[in-house]
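query21.cif, holding mmCIF, C-alpha atoms:
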```cif
data_run
#
loop_
_atom_site.group_PDB
_atom_site.id
_atom_site.type_symbol
_atom_site.label_atom_id
_atom_site.label_comp_id
_atom_site.auth_asym_id
_atom_site.auth_seq_id
_atom_site.Cartn_x
_atom_site.Cartn_y
_atom_site.Cartn_z
ATOM 1 C CA MET A 1 0.000 0.000 0.000
ATOM 2 C CA GLY A 2 2.801 2.374 0.963
ATOM 3 C CA LYS A 3 4.639 1.591 -2.259
ATOM 4 C CA LYS A 4 1.551 2.351 -4.404
ATOM 5 C CA ARG A 5 1.040 5.645 -2.577
ATOM 6 C CA SER A 6 4.615 6.739 -3.239
ATOM 7 C CA ILE A 7 4.193 5.952 -6.957
ATOM 8 C CA VAL A 8 1.003 8.065 -7.099
ATOM 9 C CA ILE A 9 2.778 10.932 -5.359
ATOM 10 C CA THR A 10 5.706 10.637 -7.775
ATOM 11 C CA PHE A 11 3.432 10.792 -10.823
ATOM 12 C CA SER A 12 1.475 13.686 -9.293
ATOM 13 C CA THR A 13 4.680 15.594 -8.623
ATOM 14 C CA LEU A 14 5.915 14.894 -12.151
ATOM 15 C CA PHE A 15 2.608 16.125 -13.628
ATOM 16 C CA VAL A 16 2.798 19.383 -11.625
ATOM 17 C CA LEU A 17 6.396 19.978 -12.698
ATOM 18 C CA MET A 18 5.623 19.319 -16.363
ATOM 19 C CA SER A 19 2.544 21.546 -16.268
ATOM 20 C CA SER A 20 4.483 24.422 -14.732
ATOM 21 C CA GLN A 21 7.173 24.104 -17.404
ATOM 22 C CA ILE A 22 4.575 24.132 -20.190
ATOM 23 C CA LEU A 23 2.994 27.273 -18.746
ATOM 24 C CA THR A 24 6.206 29.151 -17.937
ATOM 25 C CA ALA A 25 8.193 28.327 -21.125
ATOM 26 C CA PRO A 26 6.204 30.723 -23.387
ATOM 27 C CA LEU A 27 6.472 33.482 -20.764
ATOM 28 C CA ALA A 28 10.227 32.998 -20.512
ATOM 29 C CA ALA A 29 10.561 33.049 -24.314
ATOM 30 C CA GLU A 30 8.496 36.240 -24.509
ATOM 31 C CA GLU A 31 10.606 37.911 -21.818
ATOM 32 C CA SER A 32 13.773 36.841 -23.620
ATOM 33 C CA ARG A 33 12.568 38.417 -26.867
ATOM 34 C CA ILE A 34 11.623 41.623 -25.072
ATOM 35 C CA GLN A 35 15.088 41.802 -23.474
ATOM 36 C CA GLN A 36 16.739 41.259 -26.865
ATOM 37 C CA GLU A 37 14.592 44.033 -28.323
ATOM 38 C CA MET A 38 15.585 46.445 -25.547
ATOM 39 C CA ALA A 39 19.270 45.774 -26.229
ATOM 40 C CA SER A 40 19.000 46.322 -29.994
ATOM 41 C CA PRO A 41 19.055 49.649 -31.891
ATOM 42 C CA MET A 42 15.810 51.649 -32.045
ATOM 43 C CA PRO A 43 13.643 50.197 -34.862
ATOM 44 C CA GLU A 44 13.158 52.230 -38.007
ATOM 45 C CA ILE A 45 9.709 53.713 -38.625
ATOM 46 C CA PRO A 46 7.986 51.067 -40.826
ATOM 47 C CA LEU A 47 6.767 53.606 -43.391
ATOM 48 C CA GLN A 48 10.256 55.084 -43.725
ATOM 49 C CA ARG A 49 11.797 51.633 -44.129
ATOM 50 C CA ALA A 50 9.195 50.668 -46.739
ATOM 51 C CA MET A 51 9.567 53.830 -48.827
ATOM 52 C CA GLY A 52 13.252 54.530 -48.361
ATOM 53 C CA LYS A 53 14.486 57.609 -46.506
ATOM 54 C CA GLU A 54 14.569 59.982 -49.485
ATOM 55 C CA ALA A 55 11.013 59.257 -50.698
ATOM 56 C CA TYR A 56 9.700 59.220 -47.120
ATOM 57 C CA ASP A 57 11.313 62.571 -46.240
ATOM 58 C CA LYS A 58 9.960 64.131 -49.423
ATOM 59 C CA ALA A 59 6.418 62.873 -48.773
ATOM 60 C CA MET A 60 6.442 64.047 -45.147
ATOM 61 C CA ALA A 61 7.940 67.457 -46.042
ATOM 62 C CA SER A 62 5.120 68.022 -48.559
ATOM 63 C CA GLY A 63 2.601 68.266 -45.713
ATOM 64 C CA GLN A 64 0.098 66.422 -47.909
ATOM 65 C CA TYR A 65 -0.296 63.286 -45.829
ATOM 66 C CA ARG A 66 -2.323 62.888 -42.639
ATOM 67 C CA TYR A 67 -3.572 59.918 -40.587
ATOM 68 C CA LEU A 68 -7.346 59.747 -40.154
ATOM 69 C CA ASP A 69 -8.145 56.431 -38.328
ATOM 70 C CA ASN A 70 -10.173 53.501 -39.620
ATOM 71 C CA SER A 71 -13.584 55.091 -38.979
ATOM 72 C CA LYS A 72 -13.173 56.645 -42.448
ATOM 73 C CA CYS A 73 -12.210 53.294 -43.998
ATOM 74 C CA ARG A 74 -15.397 51.552 -42.873
ATOM 75 C CA LEU A 75 -17.554 53.875 -44.991
ATOM 76 C CA CYS A 76 -16.346 52.219 -48.221
ATOM 77 C CA HIS A 77 -14.657 49.044 -46.966
ATOM 78 C CA ARG A 78 -17.187 47.853 -44.420
ATOM 79 C CA GLU A 79 -16.539 44.120 -44.946
ATOM 80 C CA PHE A 80 -12.801 44.648 -44.348
ATOM 81 C CA PHE A 81 -13.465 46.831 -41.305
ATOM 82 C CA ILE A 82 -15.661 44.105 -39.758
ATOM 83 C CA GLY A 83 -13.329 41.280 -40.795
ATOM 84 C CA ARG A 84 -10.307 42.920 -39.195
ATOM 85 C CA LYS A 85 -12.059 43.142 -35.827
ATOM 86 C CA ASN A 86 -11.224 39.449 -35.303
ATOM 87 C CA ASP A 87 -7.608 39.915 -36.358
ATOM 88 C CA ALA A 88 -4.659 40.162 -33.945
ATOM 89 C CA HIS A 89 -3.585 43.477 -35.488
ATOM 90 C CA ASP A 90 -6.756 45.115 -34.191
ATOM 91 C CA HIS A 91 -5.813 44.083 -30.633
ATOM 92 C CA ALA A 92 -2.086 44.856 -30.763
ATOM 93 C CA MET A 93 -2.234 47.541 -28.059
ATOM 94 C CA GLU A 94 -3.842 45.134 -25.573
ATOM 95 C CA ASN A 95 -0.651 43.055 -25.572
ATOM 96 C CA LEU A 96 1.425 46.108 -24.701
ATOM 97 C CA VAL A 97 -0.891 47.083 -21.860
ATOM 98 C CA LYS A 98 -0.723 43.540 -20.444
ATOM 99 C CA SER A 99 3.079 43.487 -20.603
ATOM 100 C CA GLY A 100 3.477 47.008 -19.219
ATOM 101 C CA HIS A 101 5.184 48.266 -22.400
ATOM 102 C CA ASP A 102 2.342 50.526 -23.608
ATOM 103 C CA LYS A 103 4.554 53.631 -23.297
ATOM 104 C CA ASN A 104 7.681 52.057 -24.764
ATOM 105 C CA PRO A 105 8.610 53.724 -28.101
ATOM 106 C CA ARG A 106 10.212 50.523 -29.379
ATOM 107 C CA CYS A 107 6.934 48.658 -29.000
ATOM 108 C CA LEU A 108 4.605 51.473 -30.050
ATOM 109 C CA THR A 109 6.304 51.593 -33.458
ATOM 110 C CA CYS A 110 4.680 48.281 -34.407
ATOM 111 C CA HIS A 111 1.655 48.087 -32.104
ATOM 112 C CA THR A 112 0.008 51.360 -33.164
ATOM 113 C CA THR A 113 -0.833 53.263 -36.328
ATOM 114 C CA GLY A 114 1.719 55.824 -37.461
ATOM 115 C CA TYR A 115 3.815 56.129 -34.304
ATOM 116 C CA GLY A 116 6.822 58.330 -35.038
ATOM 117 C CA VAL A 117 5.161 59.855 -38.102
ATOM 118 C CA GLU A 118 3.629 63.319 -37.956
ATOM 119 C CA THR A 119 -0.162 63.078 -37.287
ATOM 120 C CA GLY A 120 0.264 59.417 -36.267
ATOM 121 C CA PHE A 121 -0.217 57.813 -32.831
ATOM 122 C CA VAL A 122 1.295 59.742 -29.909
ATOM 123 C CA ASN A 123 -0.239 58.226 -26.760
ATOM 124 C CA MET A 124 -3.520 56.853 -25.430
ATOM 125 C CA LYS A 125 -4.495 60.212 -23.952
ATOM 126 C CA ASN A 126 -4.097 62.304 -27.116
ATOM 127 C CA THR A 127 -4.577 59.827 -29.974
ATOM 128 C CA PRO A 128 -6.497 56.746 -28.749
ATOM 129 C CA ARG A 129 -8.222 56.507 -32.145
ATOM 130 C CA LEU A 130 -4.871 55.414 -33.665
ATOM 131 C CA ALA A 131 -4.104 52.612 -31.197
ATOM 132 C CA ASN A 132 -3.614 49.101 -32.641
ATOM 133 C CA VAL A 133 -2.545 48.316 -36.209
ATOM 134 C CA GLN A 134 -5.350 49.722 -38.315
ATOM 135 C CA CYS A 135 -5.657 50.007 -42.107
ATOM 136 C CA GLU A 136 -3.291 53.009 -42.184
ATOM 137 C CA GLY A 137 -0.839 51.075 -40.034
ATOM 138 C CA CYS A 138 -0.007 49.061 -43.156
ATOM 139 C CA HIS A 139 -0.900 51.500 -45.951
ATOM 140 C CA GLY A 140 0.266 54.810 -44.487
ATOM 141 C CA PRO A 141 -1.745 58.034 -44.032
ATOM 142 C CA GLY A 142 -5.172 57.804 -45.678
ATOM 143 C CA ASN A 143 -6.330 61.385 -46.249
ATOM 144 C CA VAL A 144 -5.165 61.556 -49.879
ATOM 145 C CA HIS A 145 -6.835 58.233 -50.659
ATOM 146 C CA VAL A 146 -10.130 59.420 -49.125
ATOM 147 C CA ALA A 147 -9.965 62.718 -51.052
ATOM 148 C CA GLN A 148 -9.341 60.877 -54.340
ATOM 149 C CA VAL A 149 -12.261 58.520 -53.759
ATOM 150 C CA LYS A 150 -14.563 61.457 -53.018
ATOM 151 C CA GLY A 151 -13.348 63.138 -56.203
ATOM 152 C CA LYS A 152 -13.805 59.865 -58.148
ATOM 153 C CA GLN A 153 -10.134 59.836 -59.113
ATOM 154 C CA GLY A 154 -9.596 56.133 -58.483
ATOM 155 C CA PHE A 155 -8.463 54.091 -55.533
ATOM 156 C CA LYS A 156 -4.849 55.086 -55.070
ATOM 157 C CA GLY A 157 -3.331 57.745 -52.834
ATOM 158 C CA PHE A 158 -1.642 55.558 -50.223
ATOM 159 C CA LEU A 159 2.109 55.717 -49.706
ATOM 160 C CA ALA A 160 2.093 51.913 -49.311
ATOM 161 C CA GLY A 161 -1.031 50.923 -51.205
ATOM 162 C CA LEU A 162 -1.777 48.125 -53.651
ATOM 163 C CA ASP A 163 -0.148 50.243 -56.371
ATOM 164 C CA HIS A 164 3.118 49.945 -54.373
ATOM 165 C CA PRO A 165 3.191 46.197 -53.551
ATOM 166 C CA GLU A 166 6.920 46.206 -52.753
ATOM 167 C CA ARG A 167 6.357 48.900 -50.114
ATOM 168 C CA LEU A 168 3.337 47.101 -48.712
ATOM 169 C CA LYS A 169 5.322 43.901 -48.193
ATOM 170 C CA LYS A 170 8.135 45.879 -46.533
ATOM 171 C CA MET A 171 5.565 47.302 -44.124
ATOM 172 C CA CYS A 172 4.879 43.699 -43.024
ATOM 173 C CA THR A 173 8.532 42.740 -42.628
ATOM 174 C CA SER A 174 9.351 45.945 -40.744
ATOM 175 C CA CYS A 175 7.507 44.582 -37.715
ATOM 176 C CA HIS A 176 7.409 40.854 -38.440
ATOM 177 C CA THR A 177 11.144 40.395 -38.094
ATOM 178 C CA LYS A 178 12.874 37.102 -37.336
ATOM 179 C CA ARG A 179 12.463 37.836 -33.629
ATOM 180 C CA TRP A 180 8.716 38.435 -33.869
ATOM 181 C CA ASN A 181 7.750 36.047 -36.669
ATOM 182 C CA ARG A 182 5.538 33.676 -34.668
ATOM 183 C CA SER A 183 2.440 35.031 -36.421
ATOM 184 C CA TYR A 184 3.424 33.456 -39.726
ATOM 185 C CA HIS A 185 5.722 30.762 -41.084
ATOM 186 C CA ASP A 186 5.177 31.549 -44.749
ATOM 187 C CA LEU A 187 5.076 35.290 -45.461
ATOM 188 C CA GLN A 188 3.752 34.903 -49.010
ATOM 189 C CA LYS A 189 0.873 32.684 -47.886
ATOM 190 C CA THR A 190 -0.051 35.042 -45.035
ATOM 191 C CA TYR A 191 0.307 38.103 -47.247
ATOM 192 C CA LYS A 192 -2.232 36.628 -49.687
ATOM 193 C CA LYS A 193 -4.667 35.925 -46.852
ATOM 194 C CA TYR A 194 -4.736 39.639 -46.034
ATOM 195 C CA GLY A 195 -6.206 40.337 -49.447
ATOM 196 C CA LYS A 196 -9.466 38.935 -48.034
ATOM 197 C CA ALA A 197 -11.843 40.854 -45.782
ATOM 198 C CA ASN A 198 -11.311 38.365 -42.974
ATOM 199 C CA PRO A 199 -7.825 36.792 -43.083
ATOM 200 C CA ASN A 200 -8.884 34.220 -40.466
ATOM 201 C CA ASP A 201 -11.407 32.574 -42.834
#
```
Take the structure from the file and write it as structure tokens.
Amino acid sequence: MGKKRSIVITFSTLFVLMSSQILTAPLAAEESRIQQEMASPMPEIPLQRAMGKEAYDKAMASGQYRYLDNSKCRLCHREFFIGRKNDAHDHAMENLVKSGHDKNPRCLTCHTTGYGVETGFVNMKNTPRLANVQCEGCHGPGNVHVAQVKGKQGFKGFLAGLDHPERLKKMCTSCHTKRWNRSYHDLQKTYKKYGKANPND
């Protein structure tokens, strides 16, 4: 009887130890990645990286481009607006709040819309409407696009729109680096999924 009891206790102890390792391993990995990020150089603004410094500086100096927020997008792209509500990008700020990094410039660059760009996200007090990775977080400021649509001039006007596919893909890889690539294993496959209203379908 005593021998059986000791075996049960041993298996119970082993189960507890294994469970704790399964639960703590992802947390340790996450903390490790955060520490690596803190020790690395400040990340480049995604839009600047996608466009190249010269083109980016010229566009910003023109004063033409301004972030609006995705409330404007839903007027014409309602199915995309609804579909993105279930996507991780639309909840990116929540992760920063949970980890206590919601004021960290390194993190805000990729977890908000337009951080570091004039008229982009500043903080939750002044620009809460630009929290998370919205449509303009990937395409750049949307005011020119909206003005062109109203004037029936076509569907261009983004600095990283569908008419600039190489820039659009660079917007993805600016944040989804090797360190943070757990959200996809095949960039091309994932990139294609985002052509649909709901990439999770």
Using all atoms listed in the file, I'd like a table of the residues in segment 98-122 of chain A that come within 10 Å of segment 46-49 of chain A; for each, show the closest atom pair and its distance in Å rounded to one decimal, ordered by chain and ascending number, as CSV.
```
residue,atom,partner,partner_atom,distance
A:Thr109,CA,A:Pro46,CA,7.6
A:Cys110,CA,A:Pro46,CA,7.7
A:Gly114,CA,A:Leu47,CA,8.1
A:Tyr115,CA,A:Pro46,CA,9.2
A:Gly116,CA,A:Pro46,CA,9.4
A:Val117,CA,A:Leu47,CA,8.3
```
Open item on the list: I'd like the residues picked by the PyMOL selection byres ((chain A and resi 156) around 12) written out as an MDAnalysis selection string, using the chain letters and numbers from the file.
Closed with: chainID A and resid 139:155 157:164
Take every atom of segment 91-101 of chain A listed in the file, fit an axis-aligned box around them, add 5 Å per side, and give the centre and edge lengths in Å to one decimal as JSON.
```
{"center_x": -0.3, "center_y": 45.7, "center_z": -25.0, "size_x": 21.0, "size_y": 15.2, "size_z": 21.5}
```
Task: Picked residues, the PyMOL selection byres ((chain A and resi 96) around 12), expected as a ChimeraX atom specification - done: /A:34,91-95,97-112,124,131-132
Open item on the list: Just checking: using all atoms listed in the file, which residue out of A:Met42, A:Ala50, A:Ser62, A:Ser71 ends up closest to Pro165 of chain A?
Closed with: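 Checking each candidate against Pro165 of chain A, we get A:Ala50 as the closest.
Proximity of A:Glu118, A:Phe80, A:Asn198, A:Met51 to Arg66 of chain A, computed with all atoms listed in the file, is greatest for A:Glu118.
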Output as a PDB file, keeping the file's coordinate frame: segment 55-77 of chain A, completed with N, CA, C and O atoms.
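Saved as selection_10.pdb:
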```pdb
ATOM      1  N   ALA A  55      12.429  59.145 -50.303  1.00  0.00           N
ATOM      2  CA  ALA A  55      11.013  59.257 -50.698  1.00  0.00           C
ATOM      3  C   ALA A  55      10.139  59.585 -49.498  1.00  0.00           C
ATOM      4  O   ALA A  55       9.194  60.383 -49.595  1.00  0.00           O
ATOM      5  N   TYR A  56      10.461  58.966 -48.342  1.00  0.00           N
ATOM      6  CA  TYR A  56       9.700  59.220 -47.120  1.00  0.00           C
ATOM      7  C   TYR A  56       9.837  60.682 -46.689  1.00  0.00           C
ATOM      8  O   TYR A  56       8.841  61.352 -46.415  1.00  0.00           O
ATOM      9  N   ASP A  57      11.075  61.180 -46.650  1.00  0.00           N
ATOM     10  CA  ASP A  57      11.313  62.571 -46.240  1.00  0.00           C
ATOM     11  C   ASP A  57      10.596  63.548 -47.160  1.00  0.00           C
ATOM     12  O   ASP A  57      10.016  64.542 -46.710  1.00  0.00           O
ATOM     13  N   LYS A  58      10.627  63.262 -48.444  1.00  0.00           N
ATOM     14  CA  LYS A  58       9.960  64.131 -49.423  1.00  0.00           C
ATOM     15  C   LYS A  58       8.452  64.146 -49.202  1.00  0.00           C
ATOM     16  O   LYS A  58       7.809  65.206 -49.211  1.00  0.00           O
ATOM     17  N   ALA A  59       7.867  62.972 -48.995  1.00  0.00           N
ATOM     18  CA  ALA A  59       6.418  62.873 -48.773  1.00  0.00           C
ATOM     19  C   ALA A  59       6.007  63.601 -47.491  1.00  0.00           C
ATOM     20  O   ALA A  59       5.009  64.331 -47.466  1.00  0.00           O
ATOM     21  N   MET A  60       6.779  63.413 -46.420  1.00  0.00           N
ATOM     22  CA  MET A  60       6.442  64.047 -45.147  1.00  0.00           C
ATOM     23  C   MET A  60       6.628  65.574 -45.203  1.00  0.00           C
ATOM     24  O   MET A  60       5.844  66.330 -44.645  1.00  0.00           O
ATOM     25  N   ALA A  61       7.672  66.013 -45.922  1.00  0.00           N
ATOM     26  CA  ALA A  61       7.940  67.457 -46.042  1.00  0.00           C
ATOM     27  C   ALA A  61       6.863  68.161 -46.861  1.00  0.00           C
ATOM     28  O   ALA A  61       6.632  69.361 -46.698  1.00  0.00           O
ATOM     29  N   SER A  62       6.164  67.421 -47.716  1.00  0.00           N
ATOM     30  CA  SER A  62       5.120  68.022 -48.559  1.00  0.00           C
ATOM     31  C   SER A  62       3.925  68.499 -47.736  1.00  0.00           C
ATOM     32  O   SER A  62       3.167  69.360 -48.163  1.00  0.00           O
ATOM     33  N   GLY A  63       3.736  67.904 -46.558  1.00  0.00           N
ATOM     34  CA  GLY A  63       2.601  68.266 -45.713  1.00  0.00           C
ATOM     35  C   GLY A  63       1.270  67.765 -46.248  1.00  0.00           C
ATOM     36  O   GLY A  63       0.204  68.109 -45.739  1.00  0.00           O
ATOM     37  N   GLN A  64       1.324  66.931 -47.271  1.00  0.00           N
ATOM     38  CA  GLN A  64       0.098  66.422 -47.909  1.00  0.00           C
ATOM     39  C   GLN A  64      -0.587  65.319 -47.123  1.00  0.00           C
ATOM     40  O   GLN A  64      -1.789  65.125 -47.238  1.00  0.00           O
ATOM     41  N   TYR A  65       0.207  64.543 -46.380  1.00  0.00           N
ATOM     42  CA  TYR A  65      -0.296  63.286 -45.829  1.00  0.00           C
ATOM     43  C   TYR A  65      -0.645  63.387 -44.346  1.00  0.00           C
ATOM     44  O   TYR A  65       0.112  63.927 -43.549  1.00  0.00           O
ATOM     45  N   ARG A  66      -1.820  62.819 -44.005  1.00  0.00           N
ATOM     46  CA  ARG A  66      -2.323  62.888 -42.639  1.00  0.00           C
ATOM     47  C   ARG A  66      -3.073  61.595 -42.288  1.00  0.00           C
ATOM     48  O   ARG A  66      -3.825  61.068 -43.105  1.00  0.00           O
ATOM     49  N   TYR A  67      -2.840  61.106 -41.068  1.00  0.00           N
ATOM     50  CA  TYR A  67      -3.572  59.918 -40.587  1.00  0.00           C
ATOM     51  C   TYR A  67      -4.983  60.318 -40.173  1.00  0.00           C
ATOM     52  O   TYR A  67      -5.195  61.382 -39.592  1.00  0.00           O
ATOM     53  N   LEU A  68      -5.939  59.463 -40.454  1.00  0.00           N
ATOM     54  CA  LEU A  68      -7.346  59.747 -40.154  1.00  0.00           C
ATOM     55  C   LEU A  68      -7.892  58.833 -39.060  1.00  0.00           C
ATOM     56  O   LEU A  68      -8.549  59.299 -38.155  1.00  0.00           O
ATOM     57  N   ASP A  69      -7.689  57.567 -39.142  1.00  0.00           N
ATOM     58  CA  ASP A  69      -8.145  56.431 -38.328  1.00  0.00           C
ATOM     59  C   ASP A  69      -9.159  55.639 -39.144  1.00  0.00           C
ATOM     60  O   ASP A  69      -9.714  56.145 -40.121  1.00  0.00           O
ATOM     61  N   ASN A  70      -9.388  54.393 -38.751  1.00  0.00           N
ATOM     62  CA  ASN A  70     -10.173  53.501 -39.620  1.00  0.00           C
ATOM     63  C   ASN A  70     -11.678  53.755 -39.633  1.00  0.00           C
ATOM     64  O   ASN A  70     -12.414  53.064 -40.327  1.00  0.00           O
ATOM     65  N   SER A  71     -12.149  54.759 -38.899  1.00  0.00           N
ATOM     66  CA  SER A  71     -13.584  55.091 -38.979  1.00  0.00           C
ATOM     67  C   SER A  71     -13.927  55.598 -40.384  1.00  0.00           C
ATOM     68  O   SER A  71     -15.051  55.457 -40.850  1.00  0.00           O
ATOM     69  N   LYS A  72     -12.953  56.189 -41.067  1.00  0.00           N
ATOM     70  CA  LYS A  72     -13.173  56.645 -42.448  1.00  0.00           C
ATOM     71  C   LYS A  72     -13.179  55.456 -43.407  1.00  0.00           C
ATOM     72  O   LYS A  72     -13.910  55.428 -44.383  1.00  0.00           O
ATOM     73  N   CYS A  73     -12.340  54.457 -43.113  1.00  0.00           N
ATOM     74  CA  CYS A  73     -12.210  53.294 -43.998  1.00  0.00           C
ATOM     75  C   CYS A  73     -13.514  52.497 -44.067  1.00  0.00           C
ATOM     76  O   CYS A  73     -13.873  51.967 -45.117  1.00  0.00           O
ATOM     77  N   ARG A  74     -14.204  52.417 -42.924  1.00  0.00           N
ATOM     78  CA  ARG A  74     -15.397  51.552 -42.873  1.00  0.00           C
ATOM     79  C   ARG A  74     -16.533  52.057 -43.751  1.00  0.00           C
ATOM     80  O   ARG A  74     -17.436  51.309 -44.082  1.00  0.00           O
ATOM     81  N   LEU A  75     -16.492  53.326 -44.149  1.00  0.00           N
ATOM     82  CA  LEU A  75     -17.554  53.875 -44.991  1.00  0.00           C
ATOM     83  C   LEU A  75     -17.598  53.185 -46.357  1.00  0.00           C
ATOM     84  O   LEU A  75     -18.676  52.936 -46.898  1.00  0.00           O
ATOM     85  N   CYS A  76     -16.409  52.874 -46.907  1.00  0.00           N
ATOM     86  CA  CYS A  76     -16.346  52.219 -48.221  1.00  0.00           C
ATOM     87  C   CYS A  76     -15.925  50.758 -48.146  1.00  0.00           C
ATOM     88  O   CYS A  76     -16.208  49.990 -49.055  1.00  0.00           O
ATOM     89  N   HIS A  77     -15.214  50.399 -47.086  1.00  0.00           N
ATOM     90  CA  HIS A  77     -14.657  49.044 -46.966  1.00  0.00           C
ATOM     91  C   HIS A  77     -15.222  48.352 -45.724  1.00  0.00           C
ATOM     92  O   HIS A  77     -14.485  47.839 -44.897  1.00  0.00           O
TER      93      HIS A  77
END
```
